[in-house]
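*Asks:* Please find one structure pasted underneath; my questions will follow.
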Amino acid sequence: MPQTFAKNANIWARLILWGGLGGLIIYTTTSWAVFQSSWATGEDRVLEQPVPFSHEHHVAGVGLDCRYCHTTFETSRFAGLPPSETCLHCHAHLYPDAPYLAPVRDSFRTGEPVAWQRVNDLPDFVYFDHSAHVAAGVGCETCHGRVDRMPLMAQGAPLTMAWCVDCHEAPWAHLRPPDAVTEMGWTAPGGDAVAYGRRLAAERGIAPDTSCSTCHR
Amino acid sequence: MSAARDDLPRDDDARWVRGGHDMGSVTDLVAGAVAPARTRKSWLLMLLVTFAGVGVLFVSVLWLFSEYVGIWGIEIPVAWGIAIASFVWWIGIGHAGTLISAVLLLAKQPWRRSINRFAEAMTLFAVACAGLYPILHLGRPEHFYWLVPYPSTYGAWPQFGSPLVWDLFAISTYLTVSLLFWYLGLIPDLATMRDRATGLKAKVYGVFALGWRGDARHWARHQRGYLMLGGLATPLVVSVHTVVSFDFAVAQLPGWHMTMFPPYFVAGAIYSGFAMVLTLVIPARRWLRLTDVITDDHLDAAAKLMLASGLIVAYGYASEIFFGWYSGDPSELSLVHSHLAGHSAPLFWTVVTLNVGSAMFLWSRRVRRSVVPLFVLTLLINVGMWLERYLIVIGSLEHGFLPSTKGEYTATFWDWSTFLGTLAFFGFLMLLFVRFVPAVAMAELREMVPPRRALRPPPPPAGPEVTP
């Protein structure tokens with residue numbers, strides 16, 4: 001009786017079985033890695049803006065405080081974007097004719113706000129409140145990164161749910177006194193941010209919630 | 001398979017095969033039924049009919065994916081409709097396979113050998129039908145994988161306190177083990193099919209036979225593996241429907257919140273599973289001309305198990321009513337009243353008549369051994385068990401604690417088309433199964449018959465098939 005399969009069938013069978021197993025492992029580890037990567041989360045992503053505004057220059061160079069432009073981050077869900085008048089306080093005198101500032105001048109003239117693109121953009125099904133986080137003593141830097149080193153604004157954190165939940169479960173390392181929230185490169189006195197944060201949390205009653213409805217309302 | 005394969009067939013084994021078969025003829029009988037020389041017209045016709053039903057299922061599912069569960073008749077408070085009732089029904093039917101394969105294997109019941117393959121196939125297909133429903137019912141079925149604890153970027157596990165997650169694990173475990181069990185048992189038979197076929201057919205069977213040569217080592221390992229899987233599968237016989245019953249029992253609704261539910265559900269599952277086995281086997285054994293190996297004795301044995309499980313189901317009904325009354329809780333009492341003489345009474349008494357009444361006929365040996373009455377009874381029990389699940393799911397949901405949680409449910413066209421679609425899908429898979437896969441475990445049957453018929457003319461040259 002002739003053989004049903006040629007001699008190399010065993011090799012094929014092994015190849016397919018081991019290849020399938022190997023492929024599964026490669027598939028799972030790769031997709032795990034890809035979805036954690038900045039390519040998927042958008043961390044460090046820079047969006048094109050109507051005006052190439054440099055936080056590095058205005059914060060580190062000029063020394064403006066965050067509050068100068070983002071006036072409502074302590075009192076409202078939204079940090080607030082400055083009206084064009086704020087820009088023109090200075091830019092009516094400095095570079096008044098610079099072509100790249102034309103959108104700002106146009107906006108002042110027409111009353112149409114400049115169409116800034118939101119960089120740290122949370123999904124619409126997430127309820128987020130700036131004032132709550134700032135009141136608890138979470139610094140701007142924690143979520144927005146070192147904006148004083150960003151010539152162009154980039155997404156400062158992965159903004160995945162795991163990233164949110166991690167901090168809600170153990171916020172200690174990210175807590176500061178309320179008067180230091182806007183400070184860039186702040187370090188905890190004594191060097192141990194976790195111990196300092198725990199003390200702050202105990203003193204000020206900071207205990208973030210992790211129930212679903214805290215953020216998904 | 002018996003633990004000691006080298007034993008000669010025992011007398012009590014032999015009585016399960018009629019017609020004076022020997023190893024060769026029993027193989028011819030089964031293999032001939034699987035791969036007839038010409039495709040039978042009746043098979044083709046049934047395949048076409050069921051395929052049309054699969055089309056209905058496909059359209060229903062597509063429409064559901066597009067419009068979500070609003071196309072069904074569900075609404076608060078009756079948020080579970082016949083989709084969940086059918087889910088429980090299908091899962092229940094899927095219980096007979098493992099019971100026959102695993103429990104009867106460990107109990108060394110020789111009669112399981114003629115129907116285990118068939119029952120296991122039925123189990124797989126029933127579980128496949130059942131598994132559709134929870135996913136379709138998710139509301140956002142495209143996110144079904146959120147039930148799986150995988151390393152996501154959400155930083156959150158599935159809700160392990162939810163019976164839905166337990167369901168996922170229970171059903172997927174059951175499906176995996178049933179599939180392995182079925183396939184492991186099939187390997188020697190697939191090798192037989194390979195050896196009897198030529199060309200492409202031989203290659204296809206050959207791939208699935210995994211190079212089986214009937215070597216003594218093959219048999220030794222096969223036996224050991226089969227027995228171990230049988231041991232693993234045995235707890236699953238009770239675990240799956242126990243978990244399904246938790247879907248209800250962990251809720252506080254009148255009629256659901258009962259410690260009786262797990263055993264009550266398991267008994268119901270075995271009852272309906274055996275009913276479905278018989279519903280399928282009775283016509284199939286005739287159509288496949290397998291009455292020599294699936295004898296009236298087999299029907300008798302299965303009917304006895306049905307009687308036993310049916311009595312537990314009857315006890316379940318009685319205790320449901322008793323505990324409802326004994327609780328003294330006004331909501332429970334009002335549900336009991338509704339079942340006995342109120343809104344749901346017609347359904348309740350139909351269920352009792354079909355399930356308990358039918359079981360009573362099985363006390364009679366004559367009924368257990370006569371094909372037509374037994375077939376009719378199994379059909380009635382299948383219907384009765386479906387209605388029972390309807391009563392449990394919808395009867396309780398319509399009957400909450402407050403006036404505001406009382407509601408009505410009417411199944412819509414899409415409810416029915418999905419259910420009928422799964423019936424057709426099930427039939428379609430069964431038809432493919434009997435056409436391409438040995439419907440009876442040949443290798444196991446050969447253990448029960450003599451190697452050669454005593455007074456047989458000089459045997460023809462041994463067939464190419466592998467003999468143990």
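Every chain in the structure tokens has a letter given in the order shown (A, B, ...), and although residue numbers restart at 1 in each chain, ligands are simply numbered from 1 in the order shown.
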Select, as a PDB file with N, CA and C atoms, in the first residue's frame, those residues of chain A with any atom no more than 9 Å from chain B (distances computed using only C-alpha atoms).
*Replies:*
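Below you can see result30.pdb, which holds the result:
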```pdb
ATOM      1  N   MET A   1       0.843  -1.200   0.000  1.00  0.00           N
ATOM      2  CA  MET A   1       0.000   0.000   0.000  1.00  0.00           C
ATOM      3  C   MET A   1       0.877   1.249   0.000  1.00  0.00           C
ATOM      4  N   THR A   4       0.424   7.485   2.331  1.00  0.00           N
ATOM      5  CA  THR A   4      -0.483   8.609   2.060  1.00  0.00           C
ATOM      6  C   THR A   4       0.303   9.909   1.904  1.00  0.00           C
ATOM      7  N   PHE A   5       1.333  10.040   2.704  1.00  0.00           N
ATOM      8  CA  PHE A   5       2.079  11.297   2.694  1.00  0.00           C
ATOM      9  C   PHE A   5       3.534  11.041   2.330  1.00  0.00           C
ATOM     10  N   ASN A  10       6.190  14.975   7.967  1.00  0.00           N
ATOM     11  CA  ASN A  10       6.455  15.179   9.394  1.00  0.00           C
ATOM     12  C   ASN A  10       7.050  16.545   9.652  1.00  0.00           C
ATOM     13  N   ALA A  13       4.343  19.060   9.432  1.00  0.00           N
ATOM     14  CA  ALA A  13       3.459  19.013  10.604  1.00  0.00           C
ATOM     15  C   ALA A  13       4.113  19.735  11.775  1.00  0.00           C
ATOM     16  N   TRP A  32       0.766  43.420  22.574  1.00  0.00           N
ATOM     17  CA  TRP A  32       0.857  44.008  23.905  1.00  0.00           C
ATOM     18  C   TRP A  32       1.810  45.213  23.866  1.00  0.00           C
ATOM     19  N   PHE A  35       0.443  48.298  21.847  1.00  0.00           N
ATOM     20  CA  PHE A  35      -0.607  49.098  22.464  1.00  0.00           C
ATOM     21  C   PHE A  35      -0.124  49.868  23.689  1.00  0.00           C
ATOM     22  N   GLN A  36       1.051  49.510  24.221  1.00  0.00           N
ATOM     23  CA  GLN A  36       1.632  50.304  25.301  1.00  0.00           C
ATOM     24  C   GLN A  36       2.483  51.441  24.736  1.00  0.00           C
ATOM     25  N   THR A 160      -3.564  56.612  28.967  1.00  0.00           N
ATOM     26  CA  THR A 160      -4.355  55.385  28.955  1.00  0.00           C
ATOM     27  C   THR A 160      -5.112  55.295  30.276  1.00  0.00           C
ATOM     28  N   MET A 161      -6.122  54.439  30.303  1.00  0.00           N
ATOM     29  CA  MET A 161      -6.889  54.297  31.527  1.00  0.00           C
ATOM     30  C   MET A 161      -5.994  53.743  32.644  1.00  0.00           C
ATOM     31  N   ALA A 162      -5.089  52.827  32.275  1.00  0.00           N
ATOM     32  CA  ALA A 162      -4.199  52.266  33.289  1.00  0.00           C
ATOM     33  C   ALA A 162      -3.374  53.371  33.931  1.00  0.00           C
ATOM     34  N   TRP A 163      -2.964  54.352  33.116  1.00  0.00           N
ATOM     35  CA  TRP A 163      -2.178  55.472  33.630  1.00  0.00           C
ATOM     36  C   TRP A 163      -3.004  56.289  34.622  1.00  0.00           C
ATOM     37  N   CYS A 164      -4.258  56.551  34.294  1.00  0.00           N
ATOM     38  CA  CYS A 164      -5.141  57.273  35.221  1.00  0.00           C
ATOM     39  C   CYS A 164      -5.305  56.487  36.512  1.00  0.00           C
ATOM     40  N   VAL A 165      -5.614  55.172  36.349  1.00  0.00           N
ATOM     41  CA  VAL A 165      -5.962  54.351  37.506  1.00  0.00           C
ATOM     42  C   VAL A 165      -4.757  54.178  38.429  1.00  0.00           C
ATOM     43  N   ASP A 166      -3.573  54.035  37.820  1.00  0.00           N
ATOM     44  CA  ASP A 166      -2.362  53.884  38.636  1.00  0.00           C
ATOM     45  C   ASP A 166      -2.231  55.038  39.620  1.00  0.00           C
TER      46      ASP A 166
END
```
*Asks:* I'd like the contact shell of region 132-138 of chain B - 10 Å cut-off, only C-alpha atoms, skipping same-chain residues fewer than 3 positions apart - returned as a PyMOL selection string.
*Replies:* chain B and resi 61+64-65+68-69+72+79-88+90+127-129+141-145+164+167-168+418-419+422
*Asks:* What would the file look like if the residues just selected were written as a PDB file, in the first residue's frame with C-alpha atoms?
*Replies:*
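Saved file part-v5.pdb follows:
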```
ATOM      1  CA  VAL B  61     -26.872  38.298  13.670  1.00  0.00           C
ATOM      2  CA  LEU B  64     -28.203  42.621  15.586  1.00  0.00           C
ATOM      3  CA  PHE B  65     -24.637  43.840  15.032  1.00  0.00           C
ATOM      4  CA  TYR B  68     -27.944  46.079  18.821  1.00  0.00           C
ATOM      5  CA  VAL B  69     -30.268  44.308  21.240  1.00  0.00           C
ATOM      6  CA  TRP B  72     -35.296  41.978  20.508  1.00  0.00           C
ATOM      7  CA  ALA B  79     -33.943  42.639  30.131  1.00  0.00           C
ATOM      8  CA  TRP B  80     -33.415  38.959  29.346  1.00  0.00           C
ATOM      9  CA  GLY B  81     -35.649  37.371  26.754  1.00  0.00           C
ATOM     10  CA  ILE B  82     -35.714  34.115  24.871  1.00  0.00           C
ATOM     11  CA  ALA B  83     -32.103  34.643  23.906  1.00  0.00           C
ATOM     12  CA  ILE B  84     -31.063  33.813  27.472  1.00  0.00           C
ATOM     13  CA  ALA B  85     -33.702  31.086  27.784  1.00  0.00           C
ATOM     14  CA  SER B  86     -32.332  29.503  24.607  1.00  0.00           C
ATOM     15  CA  PHE B  87     -28.779  29.911  25.868  1.00  0.00           C
ATOM     16  CA  VAL B  88     -29.597  27.912  28.988  1.00  0.00           C
ATOM     17  CA  TRP B  90     -28.560  24.827  24.482  1.00  0.00           C
ATOM     18  CA  VAL B 127     -22.355  24.566  23.089  1.00  0.00           C
ATOM     19  CA  ALA B 128     -21.394  26.461  19.940  1.00  0.00           C
ATOM     20  CA  CYS B 129     -25.025  27.559  19.557  1.00  0.00           C
ATOM     21  CA  PRO B 141     -20.852  42.586  21.066  1.00  0.00           C
ATOM     22  CA  GLU B 142     -17.779  43.999  19.359  1.00  0.00           C
ATOM     23  CA  HIS B 143     -16.221  44.373  22.812  1.00  0.00           C
ATOM     24  CA  PHE B 144     -16.774  40.773  23.890  1.00  0.00           C
ATOM     25  CA  TYR B 145     -13.045  40.348  24.516  1.00  0.00           C
ATOM     26  CA  LEU B 164     -20.986  36.795  33.061  1.00  0.00           C
ATOM     27  CA  ASP B 167     -19.853  31.991  32.236  1.00  0.00           C
ATOM     28  CA  LEU B 168     -17.049  32.835  29.878  1.00  0.00           C
ATOM     29  CA  THR B 418     -32.197  33.978  15.995  1.00  0.00           C
ATOM     30  CA  PHE B 419     -33.477  30.969  17.898  1.00  0.00           C
ATOM     31  CA  THR B 422     -29.443  28.340  15.858  1.00  0.00           C
TER      32      THR B 422
END
```
*Asks:* Which residue out of A:Asn8, A:Ser131, A:Thr75, A:Gln117 has the minimum interatomic distance to Ala154 (chain A) when only C-alpha atoms are used?
*Replies:*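 Among the listed residues, A:Gln117 lies closest to Ala154 (chain A).
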*Asks:* Would you list the contacts of Gly400 (chain B) as a list in words, taking every protein, DNA or RNA residue within 8 Å and counting only C-alpha atoms, but skipping same-chain residues closer than 2 positions in sequence?
*Replies:*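 Surrounding residues, per the criterion: Pro77, Leu253, Pro254, Ser331, Ser396, Leu397, Glu398, Leu402, Pro403, Thr405 and Lys406 of chain B.
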*Asks:* Leaving out region 359-368 of chain B and any residue of its chain fewer than 5 positions from it, which residues lie within 9 Å of it when counting only C-alpha atoms, given as a CSV table (one decimal) with N, CA and C atoms, in the first residue's frame?
*Replies:*
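The resulting file, part-v8.csv, is shown below:
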```
chain,number,residue,atom,x,y,z
B,296,ASP,N,-32.2,-1.3,20.7
B,296,ASP,CA,-33.2,-0.8,21.7
B,296,ASP,C,-32.7,-0.8,23.1
B,297,ASP,N,-31.7,-1.7,23.3
B,297,ASP,CA,-31.1,-1.7,24.7
B,297,ASP,C,-30.5,-0.4,25.0
B,299,LEU,N,-31.4,2.6,23.8
B,299,LEU,CA,-32.5,3.5,24.0
B,299,LEU,C,-33.0,3.3,25.4
B,300,ASP,N,-33.2,2.0,25.8
B,300,ASP,CA,-33.7,1.7,27.1
B,300,ASP,C,-32.8,2.3,28.2
B,301,ALA,N,-31.5,2.1,28.1
B,301,ALA,CA,-30.5,2.6,29.1
B,301,ALA,C,-30.6,4.1,29.2
B,302,ALA,N,-30.6,4.8,28.0
B,302,ALA,CA,-30.6,6.3,28.0
B,302,ALA,C,-32.0,6.7,28.6
B,303,ALA,N,-33.0,6.0,28.3
B,303,ALA,CA,-34.3,6.5,28.9
B,303,ALA,C,-34.4,6.3,30.4
B,304,LYS,N,-33.7,5.3,30.9
B,304,LYS,CA,-33.6,5.1,32.4
B,304,LYS,C,-32.9,6.3,33.0
B,306,MET,N,-32.8,9.2,31.8
B,306,MET,CA,-33.7,10.4,31.6
B,306,MET,C,-34.7,10.3,32.8
B,307,LEU,N,-35.2,9.2,33.1
B,307,LEU,CA,-36.2,9.0,34.1
B,307,LEU,C,-35.6,9.5,35.4
B,308,ALA,N,-34.4,9.1,35.7
B,308,ALA,CA,-33.7,9.5,37.0
B,308,ALA,C,-33.6,11.0,37.0
B,310,GLY,N,-35.1,13.2,35.3
B,310,GLY,CA,-36.5,13.8,35.3
B,310,GLY,C,-37.1,13.9,36.6
B,311,LEU,N,-36.8,12.9,37.4
B,311,LEU,CA,-37.4,12.9,38.8
B,311,LEU,C,-36.7,14.0,39.6
B,354,LEU,N,-45.3,18.6,30.6
B,354,LEU,CA,-44.4,18.1,29.6
B,354,LEU,C,-43.2,17.4,30.2
B,373,PRO,N,-43.2,6.0,20.5
B,373,PRO,CA,-43.6,6.7,21.8
B,373,PRO,C,-42.4,7.4,22.4
B,374,LEU,N,-41.2,6.7,22.4
B,374,LEU,CA,-40.1,7.3,23.0
B,374,LEU,C,-39.7,8.6,22.3
B,377,LEU,N,-42.0,11.3,23.2
B,377,LEU,CA,-41.7,11.8,24.5
B,377,LEU,C,-40.5,12.7,24.6
B,381,ILE,N,-40.3,16.5,25.7
B,381,ILE,CA,-39.4,17.0,26.8
B,381,ILE,C,-38.5,18.1,26.3
```
*Asks:* CA of Leu147 (chain B) and CA of Trp18 (chain A) are how many Å apart?
*Replies:*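 CA of Trp18 (chain A) lies 28.1 Å from CA of Leu147 (chain B).
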*Asks:* So how many Å separate CA of His57 (chain A) and CA of Met150 (chain A), to one decimal?
*Replies:* 8.5 Å
